[in-house]
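Step one of this worksheet: look at the structure below.
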Amino acid sequence: MLKRIEEVIINHFNKYPQMMVQDMIKLIYQNEFASGHLIRNVSESLHRLHTEVEGITVSDYDVNISLFDEIGNGLVRLNLNSIKDYQIELETINSFFVLTSKAFKGTIDSFERKLKVLRQLCEEGKLPFTVYEVDENIQDLKAQNYPPVSHSDVYRRAYNPSYRVVLAELRTFFKLFSSIDSLLRTKETVNIAIDGNSGAGKSTLAELIGNVYDCNIFHMDDYFLTPVLRTPERLNEPGGNVDYVRFRSEILDKIKNGETFRYLKYNCSKETFEEVAVLPKKLNIIEGCYSMHPYLINDYDLTVFLQIDKAKQRKRIMERNGAIMLERFVNEWIPLEDKYFEELMIPEKSDLIYKI
């Protein structure tokens with residue numbers, strides 16, 4: 001971890017050579033604590049974001065500033081100076097910021113260890129600051145119990161910094177979030193399918209979207225075939241081991257009506273049903289393998305496919321499900337998924353593909 005923060009510090013200084021010690025400490029602070037505080041008032045946070053973006057002038061936009069800056073520890077800076085060419089809503093960016101604030105916690109001990117890395121880099125002459133400067137800044141912060149740090153005036157004049165610290169996984173799927181915002185602006189309801197390999201992170205992505213937007217999330221795992229439908233002919237059909245007919249009638253057709261509805265969630269291990277009530281929402285996420293079955297695909301406004309290589313897939317399933325279930329995945333379920341992907345050309349029909 002300490003080697004990683006050294007790389008982050010050096011890379012930032014190379015990109016922003018006007019950085020002062022204060023800016024170095026701010027970078028380390030954000031690496032450890034993200035935004036540095038819990039966002040207690042979302043509306044106020046959004047208002048500040050609007051005010052900040054409205055204050056960005058044409059001269060503040062710099063083609064040399066990337067949309068994201070890596071700051072390590074699973075975090076990035078999302079540069080507001082660079083968002084004008086994207087279809088992302090400020091409400092979505094604010095949700096990124098709030099989500100990150102809630103999800104990310106650091107410790108003083110870890111922060112202090114990382115500050116020692118900064119001090120060592122100065123001792124070794126890898127940064128143009130004296131150890132005295134670093135110690136003076138750190139001692140002053142420590143006396144105040146390490147409050148959030150501001151940028152130096154030198155840095156502000158040089159770079160006009162305007163950004164939000166967000167989780168790096170939000171950068172990975174930024175195009176997806178931009179696409180969702182574009183659809184929400186133009187359609188009354190938006191249905192999005194997330195298909196892909198077992199272990200690729202479909203449920204995790206759906207949960208991430210659910211943490212950013214107010215939406216309904218439906219799982220194809222709740223629609224595996226009941227025993228009476230598991231005929232050899234049906235199981236030999238590409239994508240045939242889910243009840244896509246029932247899913248269409250209980251979920252997708254009901255979404256179109258825009259009314260409260262109920263559906264039956266099937267537990268295949270217990271062979272039982274559970275009734276679930278659904279309130280209509282503008283955004284609906286359908287996640288799981290077989291969600292892009294030809295019987296369903298035309299009901300989606302956006303389709304996403306997550307790919308994962310076999311070695312990483314096995315490792316993830318082993319960690320998540322254990323050795324016994326891994327064997328079942330490898331011998332039973334993954335071959336069925338692969339047949340579905342290949343024969344029905346599911347990746348080729350996807351709007352967005354992410355290789356995990």
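Going by the structure tokens order, chains are called A, B, ..., each with residues numbered from 1, while ligands are numbered from 1 in the order shown.
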Find the spatial neighbours of Ile28 in chain A, counting only C-alpha atoms, within a cut-off of 8 Å - ignore same-chain residues fewer than 2 positions away - and output them as a PyMOL selection string.
chain A and resi 5+9+24-26+30-32+111+114-115
Taking only C-alpha atoms into account, produce a table as a Markdown table in which each residue of range 243-327 of chain A with an atom at most 10 Å from an atom of range 160-182 of chain A appears once, together with its shortest atom pair and the distance in Å to one decimal, ordered by chain and rising number.
| residue | atom | partner | partner_atom | distance |
| --- | --- | --- | --- | --- |
| A:Leu283 | CA | A:Ile180 | CA | 8.7 |
| A:Asp301 | CA | A:Ile180 | CA | 9.2 |
| A:Leu302 | CA | A:Ile180 | CA | 8.1 |
| A:Thr303 | CA | A:Leu176 | CA | 9.8 |
| A:Val304 | CA | A:Leu176 | CA | 8.4 |
File dump, residues just selected, N, CA and C atoms, as a PDB file, in the first residue's frame:
ATOM      1  N   LEU A 283     -36.745   3.986 -13.810  1.00  0.00           N
ATOM      2  CA  LEU A 283     -35.588   3.181 -14.210  1.00  0.00           C
ATOM      3  C   LEU A 283     -35.717   1.772 -13.658  1.00  0.00           C
ATOM      4  N   ASP A 301     -34.006  -0.720 -23.366  1.00  0.00           N
ATOM      5  CA  ASP A 301     -33.514   0.517 -23.964  1.00  0.00           C
ATOM      6  C   ASP A 301     -31.991   0.542 -24.037  1.00  0.00           C
ATOM      7  N   LEU A 302     -31.354  -0.297 -23.227  1.00  0.00           N
ATOM      8  CA  LEU A 302     -29.895  -0.367 -23.207  1.00  0.00           C
ATOM      9  C   LEU A 302     -29.497  -1.758 -22.737  1.00  0.00           C
ATOM     10  N   THR A 303     -28.509  -2.337 -23.395  1.00  0.00           N
ATOM     11  CA  THR A 303     -28.043  -3.669 -23.010  1.00  0.00           C
ATOM     12  C   THR A 303     -26.548  -3.616 -22.696  1.00  0.00           C
ATOM     13  N   VAL A 304     -26.178  -4.277 -21.612  1.00  0.00           N
ATOM     14  CA  VAL A 304     -24.804  -4.258 -21.120  1.00  0.00           C
ATOM     15  C   VAL A 304     -24.336  -5.697 -20.960  1.00  0.00           C
TER      16      VAL A 304
END
Within 10 Å of range 314-330 of chain A: each range 128-231 of chain A residue with its shortest pair, only C-alpha atoms, as JSON lines:
{"residue": "A:Ser198", "atom": "CA", "partner": "A:Ile317", "partner_atom": "CA", "distance": 7.8}
{"residue": "A:Gly199", "atom": "CA", "partner": "A:Ile317", "partner_atom": "CA", "distance": 6.0}
{"residue": "A:Ala200", "atom": "CA", "partner": "A:Arg316", "partner_atom": "CA", "distance": 8.4}
{"residue": "A:Gly201", "atom": "CA", "partner": "A:Arg316", "partner_atom": "CA", "distance": 9.6}
Considering only C-alpha atoms, can you say which of A:Glu274, A:Val76, A:Ile138, A:Gly196 comes closest to Arg113 in chain A?
A:Ile138
Could you tell me, as a ChimeraX atom specification, which residues of range 25-212 of chain A DSSP assigns to strand (DSSP E) when given the backbone?
/A:68-72,75-79,163-167,190-196
Distance criterion (only C-alpha atoms): nearest to His151 in chain A out of A:Glu124, A:Glu44, A:Glu133, A:Asp23
A:Asp23
Any idea what's packed within 9 Å of range 247-257 of chain A, counting only C-alpha atoms, ignoring anything in its chain fewer than 2 positions away? Could you give it as a short mmCIF file (atom, residue, chain, number, x, y, z; two decimals) with C-alpha atoms, in the first residue's frame?
data_model
loop_
_atom_site.label_atom_id
_atom_site.label_comp_id
_atom_site.auth_asym_id
_atom_site.auth_seq_id
_atom_site.Cartn_x
_atom_site.Cartn_y
_atom_site.Cartn_z
CA THR A 189 -39.54 4.40 -18.52
CA ASN A 191 -35.27 -0.73 -18.97
CA PHE A 218 -34.92 -7.56 -11.02
CA MET A 220 -32.96 -13.45 -13.66
CA TYR A 223 -36.71 -17.13 -12.88
CA VAL A 242 -34.82 -19.72 -17.47
CA ASP A 243 -38.55 -19.10 -17.61
CA TYR A 244 -38.35 -16.16 -20.00
CA VAL A 245 -42.07 -16.40 -20.79
CA GLU A 259 -48.77 0.52 -12.06
CA THR A 260 -47.96 -1.32 -8.83
CA PHE A 261 -47.65 -5.04 -9.46
CA ARG A 262 -46.56 -8.31 -7.90
CA TYR A 263 -44.41 -11.15 -9.17
CA LEU A 264 -43.36 -14.59 -7.96
CA PRO A 280 -43.42 1.60 -10.51
CA LYS A 281 -40.18 3.50 -11.11
CA ASN A 284 -35.61 -0.62 -14.15
CA TYR A 295 -37.73 -13.31 -26.23
CA LEU A 296 -36.87 -10.35 -23.97
CA ASP A 299 -38.02 -4.61 -24.34
#
Could you check the closest approach to Glu237 in chain A for each of A:Thr186, A:Lys339, A:Gly258, A:Ser203 and tell me which residue wins, using only C-alpha atoms?
A:Lys339
Run DSSP on the backbone and grab whatever in range 94-226 of chain A lands in alpha helix (DSSP H); send it over as a ChimeraX atom specification.
/A:94-103,108-123,131-143,153-159,168-172,174-186,202-212
May I ask which of the residues A:Gly288, A:Pro238, A:Pro147, A:Gly36 is the closest one to Ile194 in chain A, counting only C-alpha atoms?
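Nearest to Ile194 in chain A: A:Gly288.
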Write out as a count of residues only each polymer residue whose atoms come within 12 Å of Tyr213 in chain A, counting only C-alpha atoms; drop sequence neighbours fewer than 6 positions from it.
21
Give me the residues near Ser152 in chain A as a list of chain:residue names, where near means some atom within 9 Å (using only C-alpha atoms) and where sequence neighbours in that chain fewer than 6 positions away do not count.
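What passes the distance filter is A:Met19, A:Met20, A:Val21, A:Gln22, A:Asp23.
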With C-alpha atoms retained, could you export that selection as an mmCIF file, in the first residue's frame?
data_model
loop_
_atom_site.group_PDB
_atom_site.id
_atom_site.type_symbol
_atom_site.label_atom_id
_atom_site.label_comp_id
_atom_site.auth_asym_id
_atom_site.auth_seq_id
_atom_site.Cartn_x
_atom_site.Cartn_y
_atom_site.Cartn_z
ATOM 1 C CA MET A 19 1.943 21.326 -6.406
ATOM 2 C CA MET A 20 3.034 22.597 -3.002
ATOM 3 C CA VAL A 21 3.472 20.573 0.202
ATOM 4 C CA GLN A 22 -0.086 21.518 1.147
ATOM 5 C CA ASP A 23 -1.365 19.990 -2.094
#
Rounded to one decimal in Å, what is the spacing between CA of Leu205 in chain A and CA of Ser350 in chain A?
15.8 Å
